[in-house]
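The next block holds one structure in the form of structure tokens; read it before the comments.
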Amino acid sequence: MVSSQLGFSSWDLESSIAKGILSCGWESPTEIQRESIPPARKGQDIVGQAKTGSGKTGAFGIPILESCNPAGHPQAIILCPTRELAVQVAEEMDSLQGDKGLSIQTVYGGTDLEKQAKKLGKGCDIVVGTPGRVIDMTKRGHLGLERISIFCLDEADRMLDMGFFPDVLWILEKSSSREQTLLFSATFPEEVLDAAEEFMTDPIHIMSEDMEVEIPEIEQFAIHVGRMNKLWALGRIICNMDEGDQMLIFTNTKRMVEILTERLGKFRIRAIGLHGDLSQNKREKIIDSFKQGREEILVATDVAARGLDVDGITHVVNYDLPDDSETYVHRIGRTGRMGRKGVAWSFVTRQETSQVVKISSTWNLSIDFTDAPDLPEGMDRDPIGKREDWDEVSDIFGMVKVRVSVGRGDSSKRDLADWIIQQARVPDIAIGEILQDENDSDVEIHVDKVAYVMDVIKTREFNGLSLSPQIVGP
């Protein structure tokens with residue numbers, strides 16, 4: 001593309017901003033910047049689809065910086081879902097403005113409100129903040145939204161996930177002099193699209209080619225395991241970690257984050273949890289501790305882990321399989337960075353097998369089904385014990401298939417069934433279909449009775465033969 005070859009110089013940007021771009025070491029615009037900056041500089045509304053790391057801050061930041069003047073009152077506001085992102089955006093925009101002299105202030109929760117209010121009181125041209133604190137500042141009279149001409153929403157889908165969207169809409173409505181709206185998001189749930197339609201005027205929709213999902217080259221394994229033994233399988237993986245390894249465990253709910261960290265703690269395995277209900281300060285401390293390598297195991301939801309960039313992650317575990325295949329790819333992409341080793345494990349219940357097949361076929365991935373890893377050399381006891389999970393091996397009728405070492409040459413089906421019923425003293429209905437070959441018989445036993453029946457027939461002989469019962473599976 002011609003604009004790509006000419007770079008930023010082709011746009012005849014303000015000299016201070018051109019210098020700022022040069023000082024940042026940017027040589028040519030990214031895809032989202034090439035498509036967004038020209039129409040945004042003309043004052044048009046933009047709906048841009050771009051992920052973290054695609055250069056989207058420059059895509060909305062450069063037009064905003066050009067449109068604002070050092071006037072001492074807020075002319076533009078940029079809303080971000082987290083304190084970390086707000087600080088990052090403000091720092092990048094401050095670098096991009098060069099020597100223009102704009103006052104760019106951050107406003108976010110989890111820190112002293114009065115200190116932020118004093119900075120706003122000294123004069124501010126651009127506000128970068130989180131929705132809750134922006135509303136607090138506005139209601140207390142420290143921040144006036146009525147003269148805002150440019151409204152920008154960064155990571156709109158994440159705002160929705162974290163429950164901030166009502167606050168975003170409140171701020172939008174209070175920005176009564178708004179002339180331009182810029183909205184950037186990685187995905188577009190219906191609520192985000194509805195808001196765009198209501199508050200934007202003929203927006204230009206831009207999708208960056210950078211949105212194409214990159215498939216990381218890491219080892220991927222799936223373990224068939226029931227709900228009751230996920231913790232046991234996790235213990236096996238953890239005890240095989242090397243010194244300096246770090247693990248990121250994904251669950252689908254905040255509640256599961258709390259339950260899992262608590263259960264691991266009971267087995268003397270330290271893990272920290274990260275989810276959207278934690279305070280901003282606590283989130284920051286947890287993320288920093290993990291980044292610095294002071295913590296080895298982090299349990300998180302997808303929303304909380306979004307934007308988490310830690311090069312040292314060697315293991316990703318899908319304790320719960322994600323609801324969609326693209327989320328799986330984003331999850332496993334957290335490991336194997338910067339040339340380091342990486343491995344992804346997924347725990348798959350019997351009902352979820354087709355989901356793994358769908359993920360692998362959609363993205364052409366090689367996900368190998370395997371057993372949980374063996375205990376490392378020198379360890380003879382599981383850190384977390386394995387439990388009997390009969391529900392996982394029963395069929396839809398609640399029957400568990402048990403193989404015994406008695407073939408058709410040793411007994412008829414009827415005689416074998418009668419013997420089991422008599423020895424274990426269970427009702428006829430507890431024994432289902434029996435399939436026989438020359439050496440073995442597969443006997444269906446109801447899930448409510450199978451543990452007891454197996455215990456009984458292990459210790460007894462049938463016509464002088466040891467039965468050696470084994471679970472076959474559904």
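Ligands are numbered from 1 in the order shown, chains are lettered A, B, ... in the order of the structure tokens, and residues start at 1 in each chain.
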Review point. Counting only C-alpha atoms, what is within 12 Å of Met159 in chain A, bar same-chain residues fewer than 6 positions away, as a PyMOL selection string?
Key: chain A and resi 79-82+85+130-132+153+165-169+183-189+191-192+276+303-304+306
**Study point:** Val406 in chain A environment, 8 Å, only C-alpha atoms, sequence neighbours closer than 2 positions dropped, as a VMD selection string
**Key:** chain A and resid 404 408 to 411 439 to 441 465 467
Kindly save the residues from that selection, with N, CA and C atoms included, as an mmCIF file, in the first residue's frame.
data_model
loop_
_atom_site.group_PDB
_atom_site.id
_atom_site.type_symbol
_atom_site.label_atom_id
_atom_site.label_comp_id
_atom_site.auth_asym_id
_atom_site.auth_seq_id
_atom_site.Cartn_x
_atom_site.Cartn_y
_atom_site.Cartn_z
ATOM 1 N N VAL A 404 -14.416 -58.491 33.173
ATOM 2 C CA VAL A 404 -13.957 -59.552 34.076
ATOM 3 C C VAL A 404 -13.333 -60.676 33.257
ATOM 4 N N ARG A 408 -16.763 -66.774 27.310
ATOM 5 C CA ARG A 408 -17.944 -67.592 27.013
ATOM 6 C C ARG A 408 -17.668 -69.088 27.221
ATOM 7 N N GLY A 409 -16.400 -69.466 27.181
ATOM 8 C CA GLY A 409 -16.073 -70.870 27.423
ATOM 9 C C GLY A 409 -16.114 -71.236 28.892
ATOM 10 N N ASP A 410 -16.145 -70.201 29.772
ATOM 11 C CA ASP A 410 -16.145 -70.444 31.218
ATOM 12 C C ASP A 410 -17.540 -70.379 31.828
ATOM 13 N N SER A 411 -18.431 -69.608 31.181
ATOM 14 C CA SER A 411 -19.753 -69.419 31.776
ATOM 15 C C SER A 411 -20.701 -68.810 30.755
ATOM 16 N N ASN A 439 -12.267 -64.943 26.092
ATOM 17 C CA ASN A 439 -11.494 -64.804 27.330
ATOM 18 C C ASN A 439 -12.114 -63.878 28.374
ATOM 19 N N ASP A 440 -12.944 -62.912 27.922
ATOM 20 C CA ASP A 440 -13.453 -61.897 28.853
ATOM 21 C C ASP A 440 -14.955 -61.685 28.681
ATOM 22 N N SER A 441 -15.528 -61.027 29.706
ATOM 23 C CA SER A 441 -16.929 -60.595 29.637
ATOM 24 C C SER A 441 -16.998 -59.141 30.089
ATOM 25 N N LEU A 465 -12.035 -69.325 39.222
ATOM 26 C CA LEU A 465 -11.340 -68.301 38.438
ATOM 27 C C LEU A 465 -11.368 -66.947 39.147
ATOM 28 N N LEU A 467 -11.634 -63.008 38.912
ATOM 29 C CA LEU A 467 -12.300 -62.177 37.897
ATOM 30 C C LEU A 467 -11.475 -60.950 37.467
#
Practice item. Name the residues of range 101-203 of chain A that fall into strand (DSSP E or B) according to DSSP on the backbone, using the chain letters and numbers of this document, as number ranges by chain. Key: A: 104-107, 126-129, 150-153, 180-185
Exercise for review: Pick out the residues sitting within 10 Å of range 172-178 of chain A, and hand them over as a ChimeraX atom specification; count only C-alpha atoms, and ignore anything fewer than 4 positions along from it in its own chain.
Suggested key: /A:75-77,135,138,144-153,166-168,195,199
**Study point:** Non-local contacts of Met137 in chain A (10 Å; only C-alpha atoms; under 2 positions in same chain excluded) as a list in words
**Key:** Val107, Tyr108, Leu113, Glu114, Gln116, Ala117, Leu120, Gly132, Arg133, Val134, Ile135, Lys139, Arg140, Gly141, His142, Leu143 and Gly144 of chain A
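Atom pair CA of Gln97 in chain A / CA of Ala50 in chain A: separated by 22.2 Å.
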What lies within 7 Å of range 247-262 of chain A using only C-alpha atoms, ignoring chain neighbours under 5 positions off, as a PDB file with N, CA and C atoms, in the first residue's frame?
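This went into result_5.pdb:
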ATOM      1  N   ALA A 271      -1.097 -20.743  45.184  1.00  0.00           N
ATOM      2  CA  ALA A 271      -1.571 -20.142  43.930  1.00  0.00           C
ATOM      3  C   ALA A 271      -2.290 -18.846  44.266  1.00  0.00           C
ATOM      4  N   ILE A 272      -2.212 -17.888  43.375  1.00  0.00           N
ATOM      5  CA  ILE A 272      -2.926 -16.627  43.564  1.00  0.00           C
ATOM      6  C   ILE A 272      -4.017 -16.521  42.506  1.00  0.00           C
ATOM      7  N   GLY A 273      -5.118 -15.867  42.851  1.00  0.00           N
ATOM      8  CA  GLY A 273      -6.254 -15.754  41.947  1.00  0.00           C
ATOM      9  C   GLY A 273      -6.437 -14.339  41.422  1.00  0.00           C
ATOM     10  N   HIS A 275      -9.389 -12.055  39.277  1.00  0.00           N
ATOM     11  CA  HIS A 275     -10.684 -11.930  38.599  1.00  0.00           C
ATOM     12  C   HIS A 275     -11.204 -10.505  38.720  1.00  0.00           C
ATOM     13  N   GLU A 296       4.475 -18.429  41.342  1.00  0.00           N
ATOM     14  CA  GLU A 296       4.636 -19.417  40.272  1.00  0.00           C
ATOM     15  C   GLU A 296       3.327 -19.762  39.579  1.00  0.00           C
ATOM     16  N   ILE A 297       2.213 -19.697  40.314  1.00  0.00           N
ATOM     17  CA  ILE A 297       0.937 -20.181  39.774  1.00  0.00           C
ATOM     18  C   ILE A 297      -0.132 -19.099  39.908  1.00  0.00           C
ATOM     19  N   LEU A 298      -0.744 -18.746  38.785  1.00  0.00           N
ATOM     20  CA  LEU A 298      -1.819 -17.761  38.758  1.00  0.00           C
ATOM     21  C   LEU A 298      -3.073 -18.406  38.181  1.00  0.00           C
ATOM     22  N   VAL A 299      -4.188 -18.284  38.904  1.00  0.00           N
ATOM     23  CA  VAL A 299      -5.484 -18.785  38.427  1.00  0.00           C
ATOM     24  C   VAL A 299      -6.313 -17.571  38.031  1.00  0.00           C
ATOM     25  N   ALA A 300      -6.868 -17.572  36.817  1.00  0.00           N
ATOM     26  CA  ALA A 300      -7.535 -16.363  36.327  1.00  0.00           C
ATOM     27  C   ALA A 300      -8.695 -16.676  35.395  1.00  0.00           C
ATOM     28  N   THR A 301      -9.600 -15.711  35.283  1.00  0.00           N
ATOM     29  CA  THR A 301     -10.643 -15.751  34.247  1.00  0.00           C
ATOM     30  C   THR A 301     -10.081 -15.090  32.993  1.00  0.00           C
ATOM     31  N   ASP A 302     -10.735 -15.302  31.869  1.00  0.00           N
ATOM     32  CA  ASP A 302     -10.269 -14.708  30.609  1.00  0.00           C
ATOM     33  C   ASP A 302     -10.259 -13.192  30.675  1.00  0.00           C
ATOM     34  N   ILE A 313       5.814 -17.373  31.361  1.00  0.00           N
ATOM     35  CA  ILE A 313       4.809 -18.432  31.508  1.00  0.00           C
ATOM     36  C   ILE A 313       5.209 -19.644  30.661  1.00  0.00           C
ATOM     37  N   THR A 314       5.405 -20.782  31.332  1.00  0.00           N
ATOM     38  CA  THR A 314       5.806 -22.004  30.628  1.00  0.00           C
ATOM     39  C   THR A 314       4.656 -22.992  30.471  1.00  0.00           C
ATOM     40  N   HIS A 315       3.636 -22.872  31.336  1.00  0.00           N
ATOM     41  CA  HIS A 315       2.506 -23.793  31.314  1.00  0.00           C
ATOM     42  C   HIS A 315       1.187 -23.013  31.314  1.00  0.00           C
ATOM     43  N   VAL A 316       0.305 -23.367  30.396  1.00  0.00           N
ATOM     44  CA  VAL A 316      -1.083 -22.876  30.442  1.00  0.00           C
ATOM     45  C   VAL A 316      -1.983 -24.087  30.639  1.00  0.00           C
ATOM     46  N   VAL A 317      -2.896 -23.988  31.597  1.00  0.00           N
ATOM     47  CA  VAL A 317      -3.827 -25.087  31.864  1.00  0.00           C
ATOM     48  C   VAL A 317      -5.255 -24.595  31.703  1.00  0.00           C
ATOM     49  N   ASN A 318      -6.001 -25.230  30.810  1.00  0.00           N
ATOM     50  CA  ASN A 318      -7.433 -24.958  30.689  1.00  0.00           C
ATOM     51  C   ASN A 318      -8.157 -25.868  31.677  1.00  0.00           C
ATOM     52  N   TYR A 319      -8.274 -25.394  32.911  1.00  0.00           N
ATOM     53  CA  TYR A 319      -8.976 -26.181  33.929  1.00  0.00           C
ATOM     54  C   TYR A 319     -10.429 -26.363  33.492  1.00  0.00           C
ATOM     55  N   ASP A 320     -10.994 -25.275  32.962  1.00  0.00           N
ATOM     56  CA  ASP A 320     -12.290 -25.326  32.278  1.00  0.00           C
ATOM     57  C   ASP A 320     -12.035 -25.030  30.811  1.00  0.00           C
ATOM     58  N   PRO A 322     -12.661 -23.348  27.334  1.00  0.00           N
ATOM     59  CA  PRO A 322     -13.362 -22.102  27.004  1.00  0.00           C
ATOM     60  C   PRO A 322     -14.620 -22.357  26.190  1.00  0.00           C
TER      61      PRO A 322
END
Review point. So which residues touch Glu27 in chain A within 8 Å, counting only C-alpha atoms, skipping near sequence neighbours fewer than 2 positions away, as a PyMOL selection string?
Key: chain A and resi 7-8+22+25+29
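Note that the spacing between CA of Ile421 in chain A and CA of Val453 in chain A amounts to 8.8 Å.
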